[in-house]
>>> print(open('input-v2.cif').read())   # mmCIF, C-alpha atoms
data_structure
#
loop_
_atom_site.label_atom_id
_atom_site.label_comp_id
_atom_site.auth_asym_id
_atom_site.auth_seq_id
_atom_site.Cartn_x
_atom_site.Cartn_y
_atom_site.Cartn_z
CA MET A 1 -85.23 81.25 190.94
CA THR A 2 -85.66 81.28 194.70
CA ARG A 3 -88.45 83.10 196.46
CA ALA A 4 -87.89 86.82 196.79
CA ALA A 5 -86.53 88.01 200.12
CA PRO A 6 -86.85 90.49 201.62
CA GLY A 7 -88.69 92.13 198.72
CA ALA A 8 -89.94 91.16 195.29
CA ARG A 9 -88.00 91.38 192.02
CA VAL A 10 -89.24 94.26 189.87
CA LEU A 11 -89.07 94.08 186.07
CA LEU A 12 -89.95 97.14 183.98
CA PHE A 13 -90.55 96.78 180.25
CA THR A 14 -90.39 99.76 177.91
CA GLY A 15 -89.74 100.56 174.28
CA LYS A 16 -90.99 102.60 171.37
CA GLY A 17 -94.75 102.41 170.85
CA GLY A 18 -95.82 99.35 168.89
CA VAL A 19 -92.71 97.19 169.43
CA GLY A 20 -94.56 94.61 171.56
CA LYS A 21 -93.67 95.59 175.13
CA THR A 22 -97.13 94.70 176.48
CA THR A 23 -96.94 91.25 174.90
CA THR A 24 -93.43 90.77 176.30
CA SER A 25 -94.50 91.97 179.76
CA ALA A 26 -97.51 89.67 179.82
CA ALA A 27 -95.54 86.65 178.58
CA THR A 28 -92.78 87.28 181.14
CA ALA A 29 -95.28 87.53 183.99
CA LEU A 30 -96.98 84.30 182.93
CA ALA A 31 -93.62 82.52 182.64
CA CYS A 32 -92.73 83.65 186.18
CA ALA A 33 -96.05 82.34 187.51
CA ASP A 34 -95.60 79.03 185.69
CA ALA A 35 -92.19 78.76 187.41
CA GLY A 36 -93.96 78.85 190.78
CA LEU A 37 -93.38 82.53 191.59
CA ARG A 38 -96.20 84.64 192.97
CA THR A 39 -96.43 87.28 190.26
CA VAL A 40 -98.38 90.48 189.72
CA VAL A 41 -98.26 92.34 186.41
CA LEU A 42 -99.15 96.05 186.36
CA SER A 43 -99.77 98.52 183.57
CA THR A 44 -98.78 102.17 184.03
CA ASP A 45 -99.46 102.99 180.37
CA PRO A 46 -102.45 105.38 180.18
CA ALA A 47 -103.49 103.53 176.99
CA HIS A 48 -103.83 100.21 178.81
CA SER A 49 -103.69 97.09 176.63
CA LEU A 50 -102.65 94.51 179.22
CA ALA A 51 -106.20 93.18 179.49
CA ASP A 52 -106.31 92.76 175.70
CA ALA A 53 -103.08 90.74 175.75
CA PHE A 54 -104.46 88.29 178.33
CA ASP A 55 -107.98 88.47 176.86
CA VAL A 56 -109.41 89.02 180.34
CA ALA A 57 -111.11 91.92 182.08
CA LEU A 58 -108.67 93.99 184.18
CA GLY A 59 -109.28 97.19 186.09
CA ASP A 60 -107.95 99.25 188.97
CA ALA A 61 -108.23 96.34 191.42
CA VAL A 62 -105.82 93.40 191.36
CA THR A 63 -107.46 90.45 189.56
CA GLU A 64 -106.42 86.82 189.29
CA ILE A 65 -105.54 85.86 185.71
CA ALA A 66 -104.08 82.36 186.12
CA PRO A 67 -102.70 80.23 188.98
CA GLY A 68 -100.00 82.33 190.67
CA LEU A 69 -100.63 85.33 188.41
CA TRP A 70 -102.59 88.53 189.08
CA GLY A 71 -102.94 91.69 187.04
CA GLN A 72 -103.97 95.32 187.40
CA GLN A 73 -104.28 98.38 185.17
CA LEU A 74 -103.38 101.22 187.52
CA ASP A 75 -105.64 104.25 187.60
CA ALA A 76 -103.05 106.88 188.44
CA GLN A 77 -105.65 109.65 188.66
CA ASN A 78 -107.49 107.86 191.47
CA ARG A 79 -104.24 107.36 193.39
CA MET A 80 -103.37 111.02 193.10
CA GLU A 81 -106.79 112.20 194.29
CA GLU A 82 -106.54 109.96 197.35
CA ALA A 83 -103.01 111.03 198.30
CA TRP A 84 -103.00 114.70 197.22
CA GLY A 85 -106.48 115.69 198.42
CA ASP A 86 -105.51 117.77 201.49
CA ILE A 87 -102.85 119.74 199.62
CA GLN A 88 -105.13 120.28 196.63
CA ALA A 89 -107.97 121.54 198.84
CA TRP A 90 -105.65 124.10 200.44
CA LEU A 91 -104.30 125.21 197.04
CA LEU A 92 -107.86 125.69 195.77
CA GLU A 93 -108.55 127.98 198.75
CA VAL A 94 -105.41 129.99 197.98
CA PHE A 95 -106.32 130.37 194.32
CA GLU A 96 -109.88 131.36 195.22
CA TRP A 97 -108.47 134.00 197.61
CA ALA A 98 -106.28 135.24 194.75
CA GLY A 99 -109.28 135.54 192.43
CA VAL A 100 -108.42 132.66 190.10
CA ALA A 101 -111.45 131.19 188.33
CA ALA A 102 -112.59 127.78 189.55
CA ILE A 103 -111.67 125.84 186.40
CA GLU A 104 -108.18 127.34 186.18
CA ALA A 105 -107.66 126.80 189.92
CA GLU A 106 -108.54 123.12 189.56
CA GLU A 107 -105.87 122.74 186.87
CA LEU A 108 -103.23 124.74 188.76
CA SER A 109 -103.69 122.74 191.97
CA VAL A 110 -102.18 119.62 190.42
CA ILE A 111 -98.48 119.56 189.49
CA PRO A 112 -97.96 117.87 186.08
CA GLY A 113 -96.62 114.36 186.55
CA LEU A 114 -97.99 113.80 190.05
CA ASP A 115 -100.44 111.14 188.89
CA GLU A 116 -97.50 109.17 187.47
CA ILE A 117 -95.59 109.43 190.75
CA PHE A 118 -98.49 107.87 192.62
CA ALA A 119 -98.64 105.06 190.06
CA LEU A 120 -94.96 104.42 190.77
CA SER A 121 -95.64 104.38 194.50
CA ASP A 122 -98.11 101.53 193.93
CA ILE A 123 -95.24 99.51 192.45
CA ASN A 124 -93.29 100.20 195.62
CA VAL A 125 -96.18 98.96 197.77
CA TYR A 126 -96.44 95.71 195.83
CA ALA A 127 -92.69 95.16 195.90
CA ASP A 128 -92.48 95.43 199.70
CA ALA A 129 -95.83 93.86 200.66
CA GLY A 130 -94.37 90.37 201.06
CA ASP A 131 -97.19 88.84 199.00
CA TRP A 132 -95.28 88.71 195.71
CA ASP A 133 -92.06 87.27 194.37
CA VAL A 134 -92.06 89.22 191.10
CA VAL A 135 -93.67 92.51 190.06
CA VAL A 136 -93.77 92.99 186.27
CA VAL A 137 -94.54 96.50 184.98
CA ASP A 138 -95.79 97.25 181.48
CA CYS A 139 -94.58 100.84 181.16
CA ALA A 140 -95.71 103.54 178.77
CA PRO A 141 -93.77 104.10 175.53
CA THR A 142 -90.19 105.31 175.89
CA ALA A 143 -90.62 109.08 176.18
CA GLU A 144 -93.31 108.79 178.86
CA THR A 145 -91.31 106.13 180.71
CA LEU A 146 -88.20 108.33 180.86
CA ARG A 147 -90.29 111.19 182.20
CA LEU A 148 -91.92 108.85 184.72
CA LEU A 149 -88.63 107.40 185.98
CA SER A 150 -86.94 110.80 186.29
CA LEU A 151 -89.76 112.30 188.38
CA PRO A 152 -88.76 110.85 191.78
CA GLU A 153 -85.32 112.45 191.56
CA ILE A 154 -86.58 115.78 190.22
CA LEU A 155 -89.42 116.14 192.73
CA ARG A 156 -87.16 115.00 195.56
CA TRP A 157 -84.81 117.85 194.62
CA TYR A 158 -87.64 120.36 195.07
CA MET A 159 -88.95 118.72 198.24
CA ASP A 160 -85.49 118.83 199.84
CA ARG A 161 -85.34 122.58 199.30
CA VAL A 162 -88.93 123.69 199.79
CA PHE A 163 -90.63 121.39 202.30
CA PRO A 164 -88.31 121.51 205.37
CA MET A 165 -88.12 125.31 205.37
CA SER A 166 -91.81 125.81 204.54
CA ARG A 167 -93.01 123.97 207.62
CA LYS A 168 -90.77 126.01 209.94
CA VAL A 169 -91.75 129.31 208.32
CA ASN A 170 -95.41 128.31 208.40
CA LYS A 171 -95.48 128.15 212.23
CA VAL A 172 -94.30 131.76 212.46
CA VAL A 173 -95.80 133.46 209.41
CA SER A 174 -99.17 131.70 208.96
CA PRO A 175 -100.94 133.26 211.99
CA LEU A 176 -99.82 136.74 210.89
CA LEU A 177 -100.87 136.28 207.27
CA GLY A 178 -104.19 134.78 208.28
CA ARG A 179 -105.07 137.79 210.49
CA VAL A 180 -103.70 140.54 208.27
CA ALA A 181 -104.45 139.37 204.73
CA GLY A 182 -107.00 136.61 205.10
CA LEU A 183 -104.72 134.32 203.09
CA PRO A 184 -105.59 130.62 203.69
CA THR A 185 -102.63 129.02 205.42
CA PRO A 186 -101.72 125.32 205.44
CA GLY A 187 -102.46 123.31 208.57
CA ASP A 188 -100.95 120.14 209.97
CA ALA A 189 -103.06 117.98 207.62
CA VAL A 190 -101.46 119.64 204.61
CA PHE A 191 -97.94 119.21 205.93
CA GLY A 192 -98.73 115.66 207.01
CA THR A 193 -99.76 114.87 203.44
CA ALA A 194 -96.57 116.52 202.14
CA ALA A 195 -94.50 114.42 204.55
CA ARG A 196 -96.17 111.21 203.35
CA PHE A 197 -95.54 112.31 199.77
CA TYR A 198 -91.88 112.83 200.68
CA ASP A 199 -91.74 109.28 202.04
CA ARG A 200 -93.26 107.96 198.82
CA LEU A 201 -90.52 109.61 196.79
CA ASP A 202 -87.81 108.11 198.98
CA GLY A 203 -89.23 104.59 198.71
CA VAL A 204 -89.75 104.71 194.95
CA ARG A 205 -86.28 106.07 194.24
CA ASP A 206 -84.57 103.53 196.51
CA LEU A 207 -86.47 100.63 194.94
CA LEU A 208 -85.89 101.57 191.31
CA CYS A 209 -82.15 102.12 191.82
CA ASP A 210 -81.65 98.88 193.76
CA THR A 211 -79.79 96.95 191.07
CA GLU A 212 -80.24 93.66 192.93
CA ARG A 213 -84.02 93.96 192.84
CA THR A 214 -85.04 96.14 189.90
CA SER A 215 -84.22 95.75 186.20
CA VAL A 216 -85.37 97.44 183.03
CA ARG A 217 -85.76 95.41 179.84
CA LEU A 218 -85.78 97.24 176.52
CA VAL A 219 -88.01 95.89 173.76
CA VAL A 220 -86.92 96.65 170.19
CA ASN A 221 -87.78 95.65 166.66
CA PRO A 222 -85.06 95.19 164.00
CA GLU A 223 -85.65 98.68 162.57
CA ARG A 224 -83.18 101.54 162.37
CA LEU A 225 -85.34 104.16 164.13
CA VAL A 226 -86.40 101.77 166.88
CA VAL A 227 -82.83 100.69 167.61
CA ALA A 228 -81.64 104.31 167.65
CA GLU A 229 -84.31 105.23 170.21
CA ALA A 230 -83.42 102.21 172.35
CA ARG A 231 -79.78 103.32 172.41
CA ARG A 232 -80.78 106.78 173.67
CA THR A 233 -83.13 105.21 176.21
CA HIS A 234 -80.30 103.06 177.58
CA THR A 235 -78.16 106.17 178.01
CA TYR A 236 -80.85 108.13 179.84
CA LEU A 237 -81.81 105.21 182.09
CA SER A 238 -78.18 104.84 183.11
CA LEU A 239 -77.95 108.57 183.79
CA PHE A 240 -80.63 108.22 186.48
CA GLY A 241 -79.12 105.03 187.90
CA TYR A 242 -81.48 102.41 186.46
CA GLN A 243 -80.09 99.04 185.43
CA VAL A 244 -80.94 97.45 182.07
CA ASP A 245 -80.42 93.67 182.32
CA ALA A 246 -81.61 92.54 178.85
CA VAL A 247 -82.75 93.66 175.42
CA VAL A 248 -85.67 91.92 173.70
CA ALA A 249 -85.33 91.77 169.91
CA ASN A 250 -88.94 91.18 168.90
CA ARG A 251 -90.63 90.33 165.58
CA LEU A 252 -87.62 88.86 163.83
CA LEU A 253 -88.42 87.29 160.51
CA PRO A 254 -88.34 83.47 160.95
CA GLU A 255 -85.67 81.48 159.12
CA ARG A 256 -88.36 79.24 157.68
CA VAL A 257 -89.55 82.12 155.49
CA THR A 258 -87.86 81.38 152.15
CA ASP A 259 -89.96 83.37 149.69
CA PRO A 260 -87.59 85.58 147.60
CA PHE A 261 -89.97 88.50 148.22
CA PHE A 262 -88.61 88.67 151.79
CA ASP A 263 -84.89 88.41 150.92
CA ASP A 264 -84.21 92.13 151.29
CA TRP A 265 -86.27 92.24 154.49
CA LYS A 266 -84.27 89.33 155.96
CA ARG A 267 -80.99 91.01 155.03
CA ARG A 268 -81.98 94.23 156.82
CA HIS A 269 -83.17 92.28 159.87
CA ALA A 270 -79.84 90.46 160.03
CA GLU A 271 -77.93 93.75 159.85
CA HIS A 272 -80.02 95.38 162.57
CA LEU A 273 -79.80 92.30 164.79
CA ALA A 274 -76.01 92.30 164.45
CA ALA A 275 -75.97 96.01 165.39
CA ILE A 276 -78.14 95.28 168.43
CA GLU A 277 -75.91 92.44 169.61
CA GLU A 278 -72.73 94.45 169.10
CA GLY A 279 -74.00 97.79 170.40
CA PHE A 280 -75.72 96.52 173.56
CA ALA A 281 -73.01 94.00 174.54
CA PRO A 282 -72.55 92.58 177.14
CA LEU A 283 -76.32 92.64 177.73
CA PRO A 284 -78.10 89.40 176.77
CA ILE A 285 -80.28 89.71 173.67
CA LEU A 286 -83.54 87.77 173.95
CA ARG A 287 -85.01 86.89 170.55
CA ALA A 288 -88.63 86.52 169.54
CA GLU A 289 -89.72 85.73 166.01
CA LEU A 290 -92.61 87.34 164.20
CA ALA A 291 -95.66 85.28 165.19
CA ASP A 292 -98.02 83.69 162.68
CA ASP A 293 -101.00 85.21 164.49
CA GLU A 294 -101.75 87.73 167.23
CA VAL A 295 -100.20 86.81 170.57
CA VAL A 296 -103.39 86.98 172.65
CA GLY A 297 -104.50 84.71 175.48
CA LEU A 298 -102.67 82.43 177.90
CA ASP A 299 -101.70 79.73 175.41
CA ALA A 300 -100.17 82.15 172.90
CA LEU A 301 -98.38 84.12 175.61
CA ARG A 302 -97.01 80.95 177.19
CA ALA A 303 -95.57 79.80 173.84
CA PHE A 304 -94.08 83.26 173.26
CA GLY A 305 -92.46 83.28 176.72
CA ASP A 306 -91.04 79.78 176.32
CA LEU A 307 -89.21 80.80 173.15
CA LEU A 308 -88.15 84.19 174.53
CA TYR A 309 -86.38 82.80 177.61
CA ARG A 310 -85.25 79.49 176.14
CA ASP A 311 -81.62 80.63 175.79
CA ALA A 312 -81.67 83.50 178.31
CA GLY A 313 -79.17 81.94 180.69
CA GLY A 314 -81.65 82.25 183.56
CA GLY A 315 -85.30 82.24 184.44
CA PRO A 316 -87.67 85.04 183.35
CA GLY A 317 -87.57 86.62 186.82
CA ASP A 318 -83.82 86.29 187.33
CA LEU A 319 -81.27 89.08 187.09
CA LEU A 320 -79.94 88.38 183.59
CA HIS A 321 -77.02 90.82 183.69
CA ARG A 322 -75.35 92.24 186.76
CA GLY A 323 -74.19 95.82 186.55
CA GLU A 324 -73.85 98.96 188.63
CA PRO A 325 -74.58 102.16 186.66
CA LEU A 326 -73.07 104.42 189.34
CA ARG A 327 -70.18 103.66 191.68
CA VAL A 328 -67.27 105.31 193.48
CA GLU A 329 -63.80 103.78 193.54
CA ARG A 330 -60.93 104.73 195.82
CA HIS A 331 -57.39 104.90 194.43
CA ASP A 332 -54.02 105.92 195.85
CA ASP A 333 -54.32 109.35 194.27
CA GLY A 334 -57.94 109.98 195.29
CA TYR A 335 -61.45 108.95 194.34
CA GLU A 336 -63.10 108.31 191.01
CA LEU A 337 -66.84 108.47 190.35
CA LEU A 338 -67.92 106.25 187.46
CA LEU A 339 -71.28 106.61 185.73
CA ASP A 340 -72.21 104.33 182.83
CA LEU A 341 -73.54 106.38 179.90
CA PRO A 342 -73.69 103.90 177.00
CA PHE A 343 -73.98 105.51 173.56
CA ALA A 344 -73.50 109.02 175.01
CA ASP A 345 -71.71 111.51 172.78
CA HIS A 346 -69.24 114.15 173.95
CA ASP A 347 -71.23 116.85 172.15
CA ASP A 348 -74.41 115.97 174.10
CA LEU A 349 -72.72 115.93 177.51
CA ASP A 350 -72.41 118.87 179.91
CA LEU A 351 -70.93 118.65 183.41
CA GLY A 352 -70.98 121.18 186.23
CA ARG A 353 -70.62 121.44 190.00
CA ARG A 354 -72.79 123.29 192.51
CA ASP A 355 -72.03 122.89 196.21
CA ASP A 356 -72.46 119.17 196.99
CA GLU A 357 -74.13 118.31 193.68
CA LEU A 358 -72.66 117.15 190.37
CA LEU A 359 -74.79 118.55 187.53
CA ILE A 360 -74.97 116.25 184.51
CA ARG A 361 -76.83 116.89 181.26
CA VAL A 362 -77.09 114.36 178.44
CA GLY A 363 -79.15 115.64 175.54
CA SER A 364 -82.40 117.03 176.96
CA HIS A 365 -82.14 115.11 180.26
CA ARG A 366 -80.55 116.59 183.37
CA ARG A 367 -79.63 115.15 186.72
CA ALA A 368 -78.44 116.85 189.89
CA LEU A 369 -76.43 114.04 191.45
CA LEU A 370 -75.98 114.42 195.20
CA LEU A 371 -72.39 113.46 195.94
CA PRO A 372 -71.62 110.98 198.74
CA ASP A 373 -69.95 112.25 201.92
CA SER A 374 -66.53 111.07 200.73
CA LEU A 375 -66.70 113.42 197.70
CA ARG A 376 -68.90 116.37 198.55
CA HIS A 377 -66.07 118.45 200.12
CA ARG A 378 -63.54 117.65 197.40
CA PRO A 379 -63.17 119.65 194.19
CA VAL A 380 -63.39 117.93 190.82
CA GLY A 381 -59.99 117.10 189.38
CA SER A 382 -60.89 116.00 185.86
CA ALA A 383 -63.70 114.46 183.86
CA ALA A 384 -63.65 112.26 180.77
CA LEU A 385 -66.11 110.18 178.76
CA ARG A 386 -64.49 106.97 177.50
CA ASP A 387 -66.06 103.79 176.18
CA GLY A 388 -69.54 104.76 177.33
CA ARG A 389 -68.47 105.62 180.88
CA LEU A 390 -68.14 109.02 182.52
CA ARG A 391 -65.13 109.20 184.85
CA VAL A 392 -64.88 112.10 187.29
CA THR A 393 -61.82 112.30 189.55
CA PHE A 394 -61.56 113.86 193.01
CA PRO A 395 -57.86 114.16 193.98
CA ALA A 396 -56.77 112.87 197.39
CA ASP A 397 -54.50 115.83 198.13
CA ALA A 398 -57.25 118.38 197.52
CA PRO A 399 -58.20 120.22 200.73
CA SER A 400 -61.63 119.56 202.21
CA GLY A 401 -64.28 122.29 202.42
CA PRO A 402 -63.51 123.31 206.02
CA GLU A 403 -59.78 123.24 205.29
CA ARG A 404 -60.22 125.45 202.20
CA ARG A 405 -62.17 127.96 204.30
CA ARG A 406 -59.45 127.99 206.98
CA ARG A 407 -56.77 128.59 204.33
CA ALA A 408 -58.85 131.38 202.80
CA ARG A 409 -58.93 133.10 206.20
CA GLY A 410 -55.16 132.67 206.58
CA ARG A 411 -55.45 130.15 209.38
CA PRO A 412 -53.31 126.96 209.72
#
>>> encode(input="input-v2.cif", output="structure tokens")
Amino acid sequence: MTRAAPGARVLLFTGKGGVGKTTTSAATALACADAGLRTVVLSTDPAHSLADAFDVALGDAVTEIAPGLWGQQLDAQNRMEEAWGDIQAWLLEVFEWAGVAAIEAEELSVIPGLDEIFALSDINVYADAGDWDVVVVDCAPTAETLRLLSLPEILRWYMDRVFPMSRKVNKVVSPLLGRVAGLPTPGDAVFGTAARFYDRLDGVRDLLCDTERTSVRLVVNPERLVVAEARRTHTYLSLFGYQVDAVVANRLLPERVTDPFFDDWKRRHAEHLAAIEEGFAPLPILRAELADDEVVGLDALRAFGDLLYRDAGGGPGDLLHRGEPLRVERHDDGYELLLDLPFADHDDLDLGRRDDELLIRVGSHRRALLLPDSLRHRPVGSAALRDGRLRVTFPADAPSGPERRRRARGRP
């Protein structure tokens, strides 16, 4: 793999708790460093175990682990306090004015999920710093990861609607409210912090959806419940525009195990592995056998990584599968928006339209997809889910928004 330019490759590892994602993340990071790539491995899992995998002390400051390899266990709470302080101080004043008790006010002044956003923004800083070729992220278990990765889009939706208007209204209303009611009003420092927060959201979202730079790798075990969760995870990641470039099938029973006691276990593993290979095709499936001992320390991780990427068709930091979860194609009869939703079911899918947004719900996850300029003034023609791909058509002969308004007024 060549040196990253202009920004680093970002690899995010996630999976159901206990499948071995931390081990896989650590081994991948070490393999990248051994290949001559400047690598940093980060943990965003609140229950950090990255230090245990390397058998070294890691904290909230980047620490050298091996030649070419550094690690950090991000303290998201610290990041949030540094970046949200001005806004929080103003909110505490407002709640105090409203008579809210101090303890409750402290809790209300922090939006749930903000600490995770600031952890994500650290990834963005590392990716664009120019000091690294690869950034490896050991994410939290699946449910927390999906919540984490959906936050930039959800919060951006609110910021787009609330922040621009609030600052304009503030210049007019704040002096009046301050004199009449004594209500604490936000100053430039508060809005400056909000603007920087807005910039963070933009950078994080752009990085994570850059399919040339960022990939998610799903770690699974050959177990029915684990595979089922991984399938749902793949669907939801695609919904938000994140690219999965490989699946790691971990803890496979080695062929050298011949004791009849394990015959039934080996049969089930073979069935689940076949289901993984068939269901996740054309993604590459990286295999890792059940180790004889705990995979702890540099030597064990290096051996694990060598086996994992031996037949990967590329280096550990390479893009192992090229895809584009969301794209727009132009045809003679109009446009077609295509969104990959592998494993999605018709019964779990809802689709709607509001102004220039396409509203998509898959299961419990929702996305308000802002349509590109070429589509936002065109009505939806049809929508269909086929072979794991949502296809939404926008007919070419449909009148644009301004043209529809002119026709409605009876004008040519």
>>> closest_residue(input="input-v2.cif", among="A:Asp333, A:Asp318, A:Asp355, A:Glu229", to="Ser215 of chain A", atoms="only C-alpha atoms")
A:Asp318
>>> resolve_selection(input="input-v2.cif", expression="the PyMOL selection byres ((chain A and resi 244) around 7)", output="list in words")
Ser215, Val216, Arg217, Tyr242, Gln243, Asp245 and Ala246 of chain A
>>> residues_around(input="input-v2.cif", residues="segment 266-283 of chain A", least_positions_apart="4", cutoff="7 Å", atoms="only C-alpha atoms", output="mmCIF file with C-alpha atoms, keeping the file's coordinate frame")
data_model
loop_
_atom_site.group_PDB
_atom_site.id
_atom_site.type_symbol
_atom_site.label_atom_id
_atom_site.label_comp_id
_atom_site.auth_asym_id
_atom_site.auth_seq_id
_atom_site.Cartn_x
_atom_site.Cartn_y
_atom_site.Cartn_z
ATOM 1 C CA PRO A 222 -85.060 95.190 164.000
ATOM 2 C CA GLU A 223 -85.650 98.680 162.570
ATOM 3 C CA ARG A 224 -83.180 101.540 162.370
ATOM 4 C CA ASP A 245 -80.420 93.670 182.320
ATOM 5 C CA ALA A 246 -81.610 92.540 178.850
ATOM 6 C CA VAL A 247 -82.750 93.660 175.420
ATOM 7 C CA LEU A 252 -87.620 88.860 163.830
ATOM 8 C CA LEU A 253 -88.420 87.290 160.510
ATOM 9 C CA PHE A 262 -88.610 88.670 151.790
ATOM 10 C CA HIS A 321 -77.020 90.820 183.690
#
>>> residues_around(input="input-v2.cif", residues="Ala140 of chain A", least_positions_apart="6", cutoff="12 Å", atoms="all atoms listed in the file", output="mmCIF file with C-alpha atoms, in the coordinates of the input")
data_model
loop_
_atom_site.group_PDB
_atom_site.id
_atom_site.type_symbol
_atom_site.label_atom_id
_atom_site.label_comp_id
_atom_site.auth_asym_id
_atom_site.auth_seq_id
_atom_site.Cartn_x
_atom_site.Cartn_y
_atom_site.Cartn_z
ATOM 1 C CA LEU A 12 -89.950 97.140 183.980
ATOM 2 C CA PHE A 13 -90.550 96.780 180.250
ATOM 3 C CA THR A 14 -90.390 99.760 177.910
ATOM 4 C CA GLY A 15 -89.740 100.560 174.280
ATOM 5 C CA LYS A 16 -90.990 102.600 171.370
ATOM 6 C CA GLY A 17 -94.750 102.410 170.850
ATOM 7 C CA GLY A 18 -95.820 99.350 168.890
ATOM 8 C CA VAL A 19 -92.710 97.190 169.430
ATOM 9 C CA GLY A 20 -94.560 94.610 171.560
ATOM 10 C CA LYS A 21 -93.670 95.590 175.130
ATOM 11 C CA THR A 22 -97.130 94.700 176.480
ATOM 12 C CA SER A 25 -94.500 91.970 179.760
ATOM 13 C CA LEU A 42 -99.150 96.050 186.360
ATOM 14 C CA SER A 43 -99.770 98.520 183.570
ATOM 15 C CA THR A 44 -98.780 102.170 184.030
ATOM 16 C CA ASP A 45 -99.460 102.990 180.370
ATOM 17 C CA PRO A 46 -102.450 105.380 180.180
ATOM 18 C CA ALA A 47 -103.490 103.530 176.990
ATOM 19 C CA HIS A 48 -103.830 100.210 178.810
ATOM 20 C CA SER A 49 -103.690 97.090 176.630
ATOM 21 C CA LEU A 50 -102.650 94.510 179.220
ATOM 22 C CA GLN A 73 -104.280 98.380 185.170
ATOM 23 C CA LEU A 74 -103.380 101.220 187.520
ATOM 24 C CA GLU A 116 -97.500 109.170 187.470
ATOM 25 C CA ALA A 119 -98.640 105.060 190.060
ATOM 26 C CA LEU A 146 -88.200 108.330 180.860
ATOM 27 C CA ARG A 147 -90.290 111.190 182.200
ATOM 28 C CA LEU A 148 -91.920 108.850 184.720
ATOM 29 C CA LEU A 149 -88.630 107.400 185.980
ATOM 30 C CA LEU A 218 -85.780 97.240 176.520
ATOM 31 C CA VAL A 219 -88.010 95.890 173.760
#
>>> resolve_selection(input="input-v2.cif", expression="the PyMOL selection byres ((chain A and resi 376-391) around 7)", output="PyMOL selection string")
chain A and resi 336-344+346+356+371-375+392-395+398-401
>>> closest_residue(input="input-v2.cif", among="A:Gly7, A:Gly314, A:Arg256, A:Thr39", to="Glu212 of chain A", atoms="all atoms listed in the file")
A:Gly7
>>> atom_distance(input="input-v2.cif", atom1="atom CA of Gly352 of chain A", atom2="atom CA of Ala368 of chain A")
9.4 Å
>>> decode(input="input-v2.cif", residues="segment 220-245 of chain A", atoms="C-alpha atoms", output="PDB file, in the first residue's frame")
ATOM      1  CA  VAL A 220     -18.512 -12.217  13.354  1.00  0.00           C
ATOM      2  CA  ASN A 221     -18.322 -15.636  14.936  1.00  0.00           C
ATOM      3  CA  PRO A 222     -19.877 -18.693  13.235  1.00  0.00           C
ATOM      4  CA  GLU A 223     -23.024 -18.491  15.377  1.00  0.00           C
ATOM      5  CA  ARG A 224     -26.586 -17.971  14.216  1.00  0.00           C
ATOM      6  CA  LEU A 225     -27.385 -14.951  16.425  1.00  0.00           C
ATOM      7  CA  VAL A 226     -24.078 -13.241  15.674  1.00  0.00           C
ATOM      8  CA  VAL A 227     -24.474 -13.660  11.916  1.00  0.00           C
ATOM      9  CA  ALA A 228     -28.069 -12.395  12.049  1.00  0.00           C
ATOM     10  CA  GLU A 229     -26.957  -9.244  13.890  1.00  0.00           C
ATOM     11  CA  ALA A 230     -24.131  -8.690  11.404  1.00  0.00           C
ATOM     12  CA  ARG A 231     -26.621  -8.850   8.526  1.00  0.00           C
ATOM     13  CA  ARG A 232     -28.781  -6.160  10.156  1.00  0.00           C
ATOM     14  CA  THR A 233     -25.693  -4.077  10.889  1.00  0.00           C
ATOM     15  CA  HIS A 234     -24.665  -4.213   7.226  1.00  0.00           C
ATOM     16  CA  THR A 235     -28.114  -2.971   6.226  1.00  0.00           C
ATOM     17  CA  TYR A 236     -28.094  -0.058   8.667  1.00  0.00           C
ATOM     18  CA  LEU A 237     -24.532   0.977   7.815  1.00  0.00           C
ATOM     19  CA  SER A 238     -25.470   1.093   4.141  1.00  0.00           C
ATOM     20  CA  LEU A 239     -28.562   3.149   4.965  1.00  0.00           C
ATOM     21  CA  PHE A 240     -26.322   5.912   6.339  1.00  0.00           C
ATOM     22  CA  GLY A 241     -23.830   5.647   3.482  1.00  0.00           C
ATOM     23  CA  TYR A 242     -20.996   3.733   5.169  1.00  0.00           C
ATOM     24  CA  GLN A 243     -19.016   1.210   3.152  1.00  0.00           C
ATOM     25  CA  VAL A 244     -18.277  -2.291   4.467  1.00  0.00           C
ATOM     26  CA  ASP A 245     -15.201  -3.666   2.672  1.00  0.00           C
TER      27      ASP A 245
END
